[in-house]
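Undergrad: This is model-v3.txt, which holds compact mmCIF, C-alpha atoms and all ligand atoms:
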# COMPACT_ATOMS: atom_id res chain seq x y z
CA MET D 115 -3.93 -14.94 43.70
CA ARG D 116 -4.01 -17.89 41.24
CA ARG D 117 -7.18 -19.89 41.35
CA GLN D 118 -9.61 -21.85 39.27
CA ASN D 119 -12.59 -19.62 38.62
CA MET D 120 -15.32 -20.52 36.18
CA ASP D 121 -17.50 -17.48 37.01
CA ARG D 122 -15.87 -15.45 34.33
CA ASP D 123 -14.53 -16.29 30.91
CA TRP D 124 -10.83 -15.75 31.59
CA ILE D 125 -9.92 -17.24 28.22
CA ALA D 126 -11.95 -14.48 26.56
CA THR D 127 -10.14 -11.90 28.70
CA ALA D 128 -6.78 -13.22 27.54
CA ARG D 129 -8.00 -13.25 23.93
CA THR D 130 -9.11 -9.63 24.20
CA LEU D 131 -5.61 -8.67 25.34
CA SER D 132 -4.06 -10.70 22.53
CA GLU D 133 -6.30 -9.09 19.92
CA ALA D 134 -5.28 -5.64 21.15
CA LEU D 135 -1.64 -6.23 20.10
CA PRO D 136 -1.81 -4.58 16.64
CA TYR D 137 -3.51 -1.53 18.16
CA LEU D 138 -1.00 -1.32 20.99
CA GLN D 139 1.76 -1.43 18.37
CA ARG D 140 0.06 1.20 16.22
CA TYR D 141 -0.32 3.67 19.08
CA ALA D 142 3.01 3.11 20.84
CA GLY D 143 4.67 6.53 21.01
CA ALA D 144 1.55 8.27 19.62
CA ILE D 145 0.26 11.56 21.02
CA VAL D 146 -3.42 11.41 21.96
CA VAL D 147 -5.20 14.53 23.23
CA VAL D 148 -8.38 13.79 25.19
CA LYS D 149 -10.98 16.48 25.90
CA PHE D 150 -12.81 15.58 29.10
CA GLY D 151 -15.91 17.77 29.44
CA GLY D 152 -17.62 18.81 32.65
CA ASN D 153 -20.73 16.81 31.75
CA ALA D 154 -18.70 13.63 31.33
CA MET D 155 -17.13 13.96 34.81
CA GLY D 156 -20.34 12.97 36.57
CA ASP D 157 -19.66 10.93 39.67
CA ALA D 158 -16.51 9.61 41.35
CA ASP D 159 -16.83 6.25 39.57
CA ALA D 160 -16.90 7.86 36.12
CA MET D 161 -13.87 9.96 37.04
CA ALA D 162 -11.95 6.92 38.33
CA GLU D 163 -12.76 4.92 35.22
CA PHE D 164 -11.63 7.74 32.95
CA ALA D 165 -8.39 8.11 34.93
CA ARG D 166 -7.77 4.37 34.68
CA ASP D 167 -8.09 4.45 30.87
CA ILE D 168 -5.63 7.36 30.69
CA VAL D 169 -3.13 5.57 32.95
CA LEU D 170 -3.46 2.42 30.85
CA MET D 171 -2.72 4.47 27.69
CA ARG D 172 0.42 5.85 29.29
CA GLN D 173 1.41 2.36 30.50
CA VAL D 174 1.34 0.98 26.94
CA GLY D 175 3.49 3.80 25.54
CA VAL D 176 0.90 6.36 24.39
CA ASN D 177 1.52 10.01 25.31
CA PRO D 178 -1.89 11.18 26.51
CA VAL D 179 -2.74 14.83 27.24
CA VAL D 180 -5.96 15.55 29.12
CA VAL D 181 -7.63 18.90 28.37
CA HIS D 182 -10.65 19.36 30.58
CA GLY D 183 -13.76 21.52 30.80
CA GLY D 184 -15.88 22.14 33.86
CA GLY D 185 -18.81 24.30 32.71
CA PRO D 186 -21.28 22.80 35.25
CA MET D 187 -18.79 23.34 38.13
CA ILE D 188 -18.29 26.99 37.07
CA ASN D 189 -22.09 27.42 36.98
CA ASP D 190 -22.34 26.07 40.55
CA LEU D 191 -19.89 28.52 42.06
CA LEU D 192 -21.22 31.49 40.05
CA LYS D 193 -24.67 30.69 41.41
CA ARG D 194 -23.41 30.51 45.00
CA LEU D 195 -21.78 33.92 44.51
CA ASN D 196 -24.94 35.34 42.92
CA ILE D 197 -23.13 36.13 39.67
CA GLU D 198 -25.37 35.77 36.64
CA SER D 199 -24.02 34.02 33.61
CA ARG D 200 -25.14 33.51 30.03
CA PHE D 201 -23.87 31.91 26.86
CA VAL D 202 -23.66 33.38 23.37
CA ARG D 203 -23.08 30.87 20.52
CA GLY D 204 -21.96 28.23 23.01
CA LYS D 205 -19.45 30.44 24.82
CA ARG D 206 -19.80 31.98 28.28
CA VAL D 207 -19.95 35.78 28.33
CA THR D 208 -17.03 36.45 30.68
CA ASP D 209 -16.56 39.71 32.62
CA GLN D 210 -13.81 40.35 35.20
CA ALA D 211 -15.68 38.77 38.13
CA THR D 212 -16.57 35.73 36.01
CA VAL D 213 -13.06 35.15 34.70
CA GLU D 214 -11.77 35.05 38.29
CA VAL D 215 -14.31 32.36 39.17
CA VAL D 216 -13.53 30.44 35.96
CA GLU D 217 -9.81 30.42 36.77
CA MET D 218 -10.38 29.35 40.39
CA VAL D 219 -12.74 26.53 39.47
CA LEU D 220 -10.89 25.19 36.41
CA THR D 221 -7.25 25.48 37.51
CA GLY D 222 -8.04 24.71 41.15
CA LEU D 223 -10.97 22.44 41.83
CA VAL D 224 -11.44 20.60 38.55
CA ASN D 225 -7.80 20.34 37.45
CA LYS D 226 -6.63 18.98 40.79
CA ARG D 227 -9.53 16.53 41.02
CA ILE D 228 -8.43 14.97 37.71
CA VAL D 229 -4.76 14.98 38.76
CA GLN D 230 -5.72 13.20 41.99
CA ALA D 231 -7.81 10.63 40.13
CA ILE D 232 -4.88 9.79 37.82
CA MET D 233 -2.45 9.57 40.76
CA ASP D 234 -4.95 7.31 42.52
CA GLU D 235 -4.83 4.87 39.59
CA GLY D 236 -1.04 4.69 39.78
CA GLY D 237 -0.14 7.21 37.06
CA ARG D 238 1.90 10.38 37.33
CA ALA D 239 0.03 13.58 36.47
CA VAL D 240 0.89 17.28 36.55
CA GLY D 241 -1.81 19.94 36.25
CA LEU D 242 -1.23 23.15 34.35
CA SER D 243 -3.17 25.85 32.56
CA GLY D 244 -2.46 27.77 29.38
CA LYS D 245 -0.55 30.24 31.56
CA ASP D 246 2.12 27.74 32.57
CA ASP D 247 5.24 28.15 30.43
CA ASP D 248 3.05 30.27 28.08
CA LEU D 249 1.49 27.06 26.79
CA MET D 250 -1.45 28.94 25.24
CA VAL D 251 -1.51 32.68 24.52
CA CYS D 252 -4.85 34.19 23.48
CA GLU D 253 -6.47 37.31 22.12
CA ALA D 254 -10.09 38.33 22.69
CA ASP D 255 -12.35 36.13 20.60
CA ASP D 256 -15.22 38.59 20.22
CA PRO D 257 -15.79 41.91 22.05
CA GLU D 258 -19.33 40.79 22.92
CA LEU D 259 -17.94 37.85 24.96
CA GLY D 260 -15.52 39.82 27.17
CA PHE D 261 -12.55 37.78 28.39
CA VAL D 262 -13.12 34.77 26.16
CA GLY D 263 -9.89 33.84 24.45
CA ARG D 264 -8.97 32.60 21.01
CA PRO D 265 -5.56 30.87 20.98
CA ILE D 266 -3.06 32.72 18.80
CA GLU D 267 0.24 31.27 19.98
CA MET D 268 1.04 27.82 21.35
CA ASN D 269 4.22 26.74 23.15
CA VAL D 270 3.92 22.98 23.59
CA GLN D 271 7.51 22.20 24.58
CA VAL D 272 6.43 21.82 28.22
CA LEU D 273 4.08 19.02 27.15
CA ARG D 274 6.88 17.24 25.27
CA ASP D 275 9.12 17.59 28.35
CA LEU D 276 6.40 15.96 30.46
CA PHE D 277 6.01 13.12 27.91
CA THR D 278 9.73 12.43 28.14
CA ALA D 279 9.45 12.21 31.91
CA GLY D 280 6.51 9.79 31.69
CA ILE D 281 4.14 12.37 33.19
CA ILE D 282 0.55 12.91 32.02
CA PRO D 283 -0.23 16.63 31.49
CA VAL D 284 -3.70 17.75 32.62
CA VAL D 285 -4.54 21.15 31.10
CA ALA D 286 -7.16 23.66 32.28
CA PRO D 287 -8.49 25.88 29.45
CA VAL D 288 -7.43 29.20 30.97
CA ALA D 289 -4.86 31.31 29.15
CA THR D 290 -2.75 34.40 29.30
CA GLY D 291 -2.92 37.26 26.77
CA MET D 292 -0.21 39.22 24.97
CA ASP D 293 -0.48 41.50 28.01
CA PRO D 294 0.73 39.10 30.73
CA LEU D 295 -1.75 40.54 33.24
CA GLU D 296 -4.70 39.40 31.13
CA THR D 297 -6.58 36.17 31.82
CA PHE D 298 -8.79 34.50 29.23
CA ASN D 299 -11.50 31.86 29.57
CA VAL D 300 -11.18 29.42 26.67
CA ASN D 301 -13.82 26.95 25.57
CA GLY D 302 -12.55 23.47 26.47
CA ASP D 303 -13.02 22.04 22.97
CA THR D 304 -11.23 25.04 21.43
CA ALA D 305 -8.28 24.59 23.81
CA ALA D 306 -8.08 20.84 23.13
CA GLY D 307 -8.12 21.47 19.37
CA ALA D 308 -5.39 24.11 19.59
CA ILE D 309 -3.17 21.88 21.74
CA ALA D 310 -3.72 18.85 19.49
CA GLY D 311 -2.96 21.01 16.44
CA ALA D 312 0.25 22.40 17.90
CA LEU D 313 1.39 18.87 18.82
CA LYS D 314 0.25 17.47 15.43
CA ALA D 315 -1.37 14.76 17.53
CA ASP D 316 -2.19 11.34 16.15
CA ARG D 317 -5.67 11.52 17.66
CA LEU D 318 -7.90 14.09 19.31
CA LEU D 319 -10.71 12.41 21.26
CA LEU D 320 -13.61 14.73 22.07
CA LEU D 321 -15.59 13.01 24.84
CA THR D 322 -19.18 14.21 24.86
CA ASP D 323 -22.55 13.05 26.14
CA VAL D 324 -23.99 12.18 22.72
CA THR D 325 -23.35 9.09 20.62
CA GLY D 326 -21.54 10.88 17.79
CA VAL D 327 -22.35 12.75 14.58
CA LYS D 328 -25.66 11.56 13.13
CA ASN D 329 -26.93 11.49 9.55
CA LYS D 330 -30.43 12.49 8.43
CA ASP D 331 -31.83 9.09 9.50
CA GLY D 332 -30.44 9.53 13.01
CA ASP D 333 -27.69 6.90 12.59
CA VAL D 334 -24.18 7.64 13.85
CA VAL D 335 -21.75 8.22 10.96
CA THR D 336 -18.65 6.22 11.91
CA GLU D 337 -16.21 7.82 9.47
CA MET D 338 -16.17 11.18 7.66
CA THR D 339 -13.79 13.39 5.71
CA PRO D 340 -13.63 17.16 6.30
CA ASP D 341 -15.57 17.59 3.02
CA ASP D 342 -18.38 15.39 4.36
CA VAL D 343 -18.51 17.48 7.53
CA ASN D 344 -18.69 20.76 5.60
CA ARG D 345 -21.50 19.34 3.46
CA MET D 346 -23.42 18.17 6.54
CA ILE D 347 -23.04 21.59 8.23
CA ALA D 348 -24.21 23.37 5.04
CA ASP D 349 -27.33 21.19 4.64
CA GLY D 350 -28.23 21.39 8.35
CA THR D 351 -27.59 17.69 9.20
CA ILE D 352 -24.97 18.84 11.70
CA ALA D 353 -26.59 21.45 13.96
CA GLY D 354 -26.57 22.98 17.45
CA GLY D 355 -23.81 22.01 19.83
CA MET D 356 -22.28 19.66 17.28
CA ILE D 357 -21.27 22.62 15.06
CA PRO D 358 -18.51 23.99 17.34
CA LYS D 359 -17.25 20.44 17.97
CA THR D 360 -17.00 19.58 14.28
CA GLU D 361 -15.47 22.98 13.50
CA THR D 362 -12.84 22.35 16.19
CA ALA D 363 -12.20 18.98 14.51
CA LEU D 364 -11.73 20.58 11.08
CA GLN D 365 -9.33 23.22 12.42
CA ALA D 366 -7.30 20.57 14.23
CA ILE D 367 -7.04 18.46 11.06
CA GLU D 368 -6.00 21.53 9.08
CA LYS D 369 -3.09 21.97 11.52
CA GLY D 370 -1.96 18.37 11.05
CA VAL D 371 -3.90 16.24 13.56
CA ARG D 372 -4.30 12.82 11.91
CA GLY D 373 -7.79 12.07 13.14
CA VAL D 374 -10.45 13.51 15.45
CA VAL D 375 -13.05 11.29 17.11
CA ILE D 376 -16.27 12.56 18.64
CA ILE D 377 -17.19 9.86 21.14
CA ASP D 378 -19.75 9.19 23.83
CA GLY D 379 -17.90 9.52 27.13
CA ARG D 380 -20.77 7.78 28.92
CA VAL D 381 -19.85 4.45 27.29
CA PRO D 382 -17.66 2.44 29.70
CA ASN D 383 -13.95 2.61 28.76
CA ALA D 384 -14.80 4.80 25.75
CA CYS D 385 -11.14 5.77 25.14
CA LEU D 386 -9.90 2.17 25.20
CA LEU D 387 -12.72 1.04 22.95
CA GLU D 388 -11.73 3.71 20.45
CA LEU D 389 -7.99 3.16 20.45
CA PHE D 390 -7.49 -0.53 21.11
CA THR D 391 -10.35 -2.42 19.45
CA GLU D 392 -11.44 -2.75 15.86
CA HIS D 393 -14.84 -1.37 16.70
CA GLY D 394 -13.95 2.13 17.76
CA SER D 395 -16.83 4.26 18.96
CA GLY D 396 -18.44 7.48 17.83
CA SER D 397 -17.47 9.40 14.67
CA LEU D 398 -13.95 9.55 13.23
CA ILE D 399 -13.12 12.57 11.08
CA ARG D 400 -9.93 12.32 9.02
CA PRO D 401 -8.69 13.47 5.61
C1 LIG M 1 -16.03 27.44 29.22
C2 LIG M 1 -14.85 26.73 29.83
C3 LIG M 1 -15.19 25.40 30.44
C4 LIG M 1 -15.67 24.37 29.44
C5 LIG M 1 -17.00 27.94 30.32
O1 LIG M 1 -16.83 29.04 30.83
O2 LIG M 1 -17.89 27.17 30.68
C6 LIG M 1 -16.25 29.24 27.61
O3 LIG M 1 -17.43 29.01 27.40
P1 LIG M 1 -17.16 22.14 29.38
O4 LIG M 1 -17.51 21.33 30.56
O5 LIG M 1 -16.23 21.43 28.45
O6 LIG M 1 -18.35 22.70 28.67
N1 LIG M 1 -15.53 28.54 28.46
C7 LIG M 1 -15.56 30.34 26.87
O7 LIG M 1 -15.46 24.42 28.23
O8 LIG M 1 -16.37 23.35 30.03
Could you spell out this file's structure in structure tokens?
Ligand code: X2W

TA:
Amino acid sequence: MRRQNMDRDWIATARTLSEALPYLQRYAGAIVVVKFGGNAMGDADAMAEFARDIVLMRQVGVNPVVVHGGGPMINDLLKRLNIESRFVRGKRVTDQATVEVVEMVLTGLVNKRIVQAIMDEGGRAVGLSGKDDDLMVCEADDPELGFVGRPIEMNVQVLRDLFTAGIIPVVAPVATGMDPLETFNVNGDTAAGAIAGALKADRLLLLTDVTGVKNKDGDVVTEMTPDDVNRMIADGTIAGGMIPKTETALQAIEKGVRGVVIIDGRVPNACLLELFTEHGSGSLIRP
């Protein structure tokens, strides 16, 4: 409805849209892979807001791919089934019973929740896992971890087919092995990096619940090269959970991804802020 309304600065809203033009032009036709972690999914509002940003990206001509996690949701069901679980170097030790729960939770519950949220915002989404069309084929990462997979072969044509149809792919990090009866649990960041690498994506956005990569003084470093990252890992500035994330970033860049951004998914409209404003958010790693 058209009306006079002085409660909000509508002129500023129009200006914001106008200022986004160069960014909209830059990203038109770009491939952007977004890793949406279980911790970032929080409540229904956070999910709806994330879905809205993804639908907006698609609407302005970006080809987004959502790769999700769901660690906390897997923990919940394992607990209800009295199955104990532990992590080694950030990855879940995965036996046969666990991999069944992982597949049910990720490809069922979590994947479909995200698909529904995107549909609810007016987008078109299709959920798949690494098993669909052999998107991601894995081998065992480390015998100590059981059925944890390391991607060895990617077949991303199905994602390109979905882009052409205007459909947003939502990928659960579960994969098949060279033996088609095998199922592997893949770390969500690893899966997102492998998919972004195979697509030679323009951007990989790793949504986390920290503000980005910090220097020794605790300030977020807004831009880094792979050399900077290696130096910061070697001298201990990058530590803990940030190590696998930055390593994923380096591997993705090696495969041809143009830039990887580690951003705080708790910031409202984090993806839009990163892509369509001059401010960006979090830490950009690029050659
Ligand atoms: C993860 C897969 C889910 C995931 C797991 O079992 O929890 C491995 O650890 P977040 O929410 O992104 O942490 N897989 C091998 O990565 O979830």

Undergrad: Using all atoms listed in the file, what are the residues with an atom within 9 Å of ligand LIG 1 (chain M), set out as a ChimeraX atom specification?

TA: /D:149-155,181-189,201-202,204-208,212-213,216,220,259,261-263,286-288,298-305,322

Undergrad: Residues as selected, C-alpha atoms, written as a short mmCIF file (atom, residue, chain, number, x, y, z; two decimals), in the frame of the given file, can you do that?

TA:
data_model
loop_
_atom_site.label_atom_id
_atom_site.label_comp_id
_atom_site.auth_asym_id
_atom_site.auth_seq_id
_atom_site.Cartn_x
_atom_site.Cartn_y
_atom_site.Cartn_z
CA LYS D 149 -10.98 16.48 25.90
CA PHE D 150 -12.81 15.58 29.10
CA GLY D 151 -15.91 17.77 29.44
CA GLY D 152 -17.62 18.81 32.65
CA ASN D 153 -20.73 16.81 31.75
CA ALA D 154 -18.70 13.63 31.33
CA MET D 155 -17.13 13.96 34.81
CA VAL D 181 -7.63 18.90 28.37
CA HIS D 182 -10.65 19.36 30.58
CA GLY D 183 -13.76 21.52 30.80
CA GLY D 184 -15.88 22.14 33.86
CA GLY D 185 -18.81 24.30 32.71
CA PRO D 186 -21.28 22.80 35.25
CA MET D 187 -18.79 23.34 38.13
CA ILE D 188 -18.29 26.99 37.07
CA ASN D 189 -22.09 27.42 36.98
CA PHE D 201 -23.87 31.91 26.86
CA VAL D 202 -23.66 33.38 23.37
CA GLY D 204 -21.96 28.23 23.01
CA LYS D 205 -19.45 30.44 24.82
CA ARG D 206 -19.80 31.98 28.28
CA VAL D 207 -19.95 35.78 28.33
CA THR D 208 -17.03 36.45 30.68
CA THR D 212 -16.57 35.73 36.01
CA VAL D 213 -13.06 35.15 34.70
CA VAL D 216 -13.53 30.44 35.96
CA LEU D 220 -10.89 25.19 36.41
CA LEU D 259 -17.94 37.85 24.96
CA PHE D 261 -12.55 37.78 28.39
CA VAL D 262 -13.12 34.77 26.16
CA GLY D 263 -9.89 33.84 24.45
CA ALA D 286 -7.16 23.66 32.28
CA PRO D 287 -8.49 25.88 29.45
CA VAL D 288 -7.43 29.20 30.97
CA PHE D 298 -8.79 34.50 29.23
CA ASN D 299 -11.50 31.86 29.57
CA VAL D 300 -11.18 29.42 26.67
CA ASN D 301 -13.82 26.95 25.57
CA GLY D 302 -12.55 23.47 26.47
CA ASP D 303 -13.02 22.04 22.97
CA THR D 304 -11.23 25.04 21.43
CA ALA D 305 -8.28 24.59 23.81
CA THR D 322 -19.18 14.21 24.86
#

Undergrad: Neighbours of segment 234-242 of chain D within 8 Å (only C-alpha atoms; same-chain residues fewer than 4 positions away dropped), as an MDAnalysis selection string?

TA: chainID D and resid 162 165:166 169 172 221 225:226 229:230 246 280:286

Undergrad: So how many Å separate atom CA of Ala348 of chain D and atom CA of Val148 of chain D, to one decimal?

TA: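 Distance between the two atoms: 27.4 Å.
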
Undergrad: Please compute the atom CA of Pro178 of chain D-atom CA of Gln139 of chain D distance, one decimal, in Å.

TA: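 Between these atoms lies a distance of 15.4 Å.
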
Undergrad: I need the residue nearest Leu249 of chain D from this list: D:Leu223, D:Arg194, D:Ser395, D:Leu313. Use only C-alpha atoms for the distance.

TA: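 So, comparing all the options, the nearest one is D:Leu313.
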
Undergrad: Within 9 Å of segment 367-386 of chain D, which residues of segment 156-271 of chain D come that close, and what is the closest atom pair and distance in Å for each? Count only C-alpha atoms and give it as JSON lines.

TA:
{"residue": "D:Ala160", "atom": "CA", "partner": "D:Arg380", "partner_atom": "CA", "distance": 8.2}
{"residue": "D:Glu163", "atom": "CA", "partner": "D:Asn383", "partner_atom": "CA", "distance": 7.0}
{"residue": "D:Phe164", "atom": "CA", "partner": "D:Asn383", "partner_atom": "CA", "distance": 7.0}
{"residue": "D:Arg166", "atom": "CA", "partner": "D:Asn383", "partner_atom": "CA", "distance": 8.7}
{"residue": "D:Asp167", "atom": "CA", "partner": "D:Leu386", "partner_atom": "CA", "distance": 6.4}
{"residue": "D:Ile168", "atom": "CA", "partner": "D:Cys385", "partner_atom": "CA", "distance": 8.0}
{"residue": "D:Leu170", "atom": "CA", "partner": "D:Leu386", "partner_atom": "CA", "distance": 8.6}
{"residue": "D:Met171", "atom": "CA", "partner": "D:Leu386", "partner_atom": "CA", "distance": 7.9}

Undergrad: So which one's closest to Asp159 of chain D, D:Thr391, D:Ala231, D:Val272, D:Asp349? Using all atoms listed in the file, please.

TA: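 Between D:Thr391, D:Ala231, D:Val272, D:Asp349, the residue approaching Asp159 of chain D most closely is D:Ala231.
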
Undergrad: Quick check, in Å to one decimal: how far apart do atom CA of Leu191 of chain D and atom CA of Val224 of chain D lie?

TA: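 Those two atoms sit 12.1 Å apart.
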
Undergrad: Could you check the closest approach to Val146 of chain D for each of D:Glu392, D:Asp341, D:Asp316, D:Asp331 and tell me which residue wins, using all atoms listed in the file?

TA: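 That would be D:Asp316, the residue with the smallest distance to Val146 of chain D.
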
Undergrad: Return as JSON lines the residues of segment 288-330 of chain D lying at most 10 Å from segment 396-401 of chain D, together with the closest atom-to-atom pair for each and the distance in Å to one decimal, counting only C-alpha atoms, with rows in chain order and ascending residue number.

TA:
{"residue": "D:Arg317", "atom": "CA", "partner": "D:Leu398", "partner_atom": "CA", "distance": 9.6}
{"residue": "D:Leu318", "atom": "CA", "partner": "D:Leu398", "partner_atom": "CA", "distance": 9.7}
{"residue": "D:Leu319", "atom": "CA", "partner": "D:Leu398", "partner_atom": "CA", "distance": 9.1}
{"residue": "D:Leu320", "atom": "CA", "partner": "D:Gly396", "partner_atom": "CA", "distance": 9.7}
{"residue": "D:Leu321", "atom": "CA", "partner": "D:Gly396", "partner_atom": "CA", "distance": 9.4}
{"residue": "D:Thr322", "atom": "CA", "partner": "D:Gly396", "partner_atom": "CA", "distance": 9.8}
{"residue": "D:Val324", "atom": "CA", "partner": "D:Gly396", "partner_atom": "CA", "distance": 8.8}
{"residue": "D:Thr325", "atom": "CA", "partner": "D:Gly396", "partner_atom": "CA", "distance": 5.9}
{"residue": "D:Gly326", "atom": "CA", "partner": "D:Gly396", "partner_atom": "CA", "distance": 4.6}
{"residue": "D:Val327", "atom": "CA", "partner": "D:Ser397", "partner_atom": "CA", "distance": 5.9}
{"residue": "D:Lys328", "atom": "CA", "partner": "D:Ser397", "partner_atom": "CA", "distance": 8.6}

Undergrad: Would you mind telling me which residue in D:Gln210, D:Gly394, D:Met218, D:Ile145 lies nearest to Thr336 of chain D when using all atoms listed in the file?

TA: D:Gly394

Undergrad: What lies within 12 Å of Arg140 of chain D using only C-alpha atoms, ignoring chain neighbours under 3 positions off, as a list in words?

TA: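 Surrounding residues, per the criterion: Ala134, Leu135, Pro136, Tyr137, Gly143, Ala144, Ile145, Val174, Gly175, Val176, Asp316, Arg317, Leu389, Phe390 and Thr391 of chain D.
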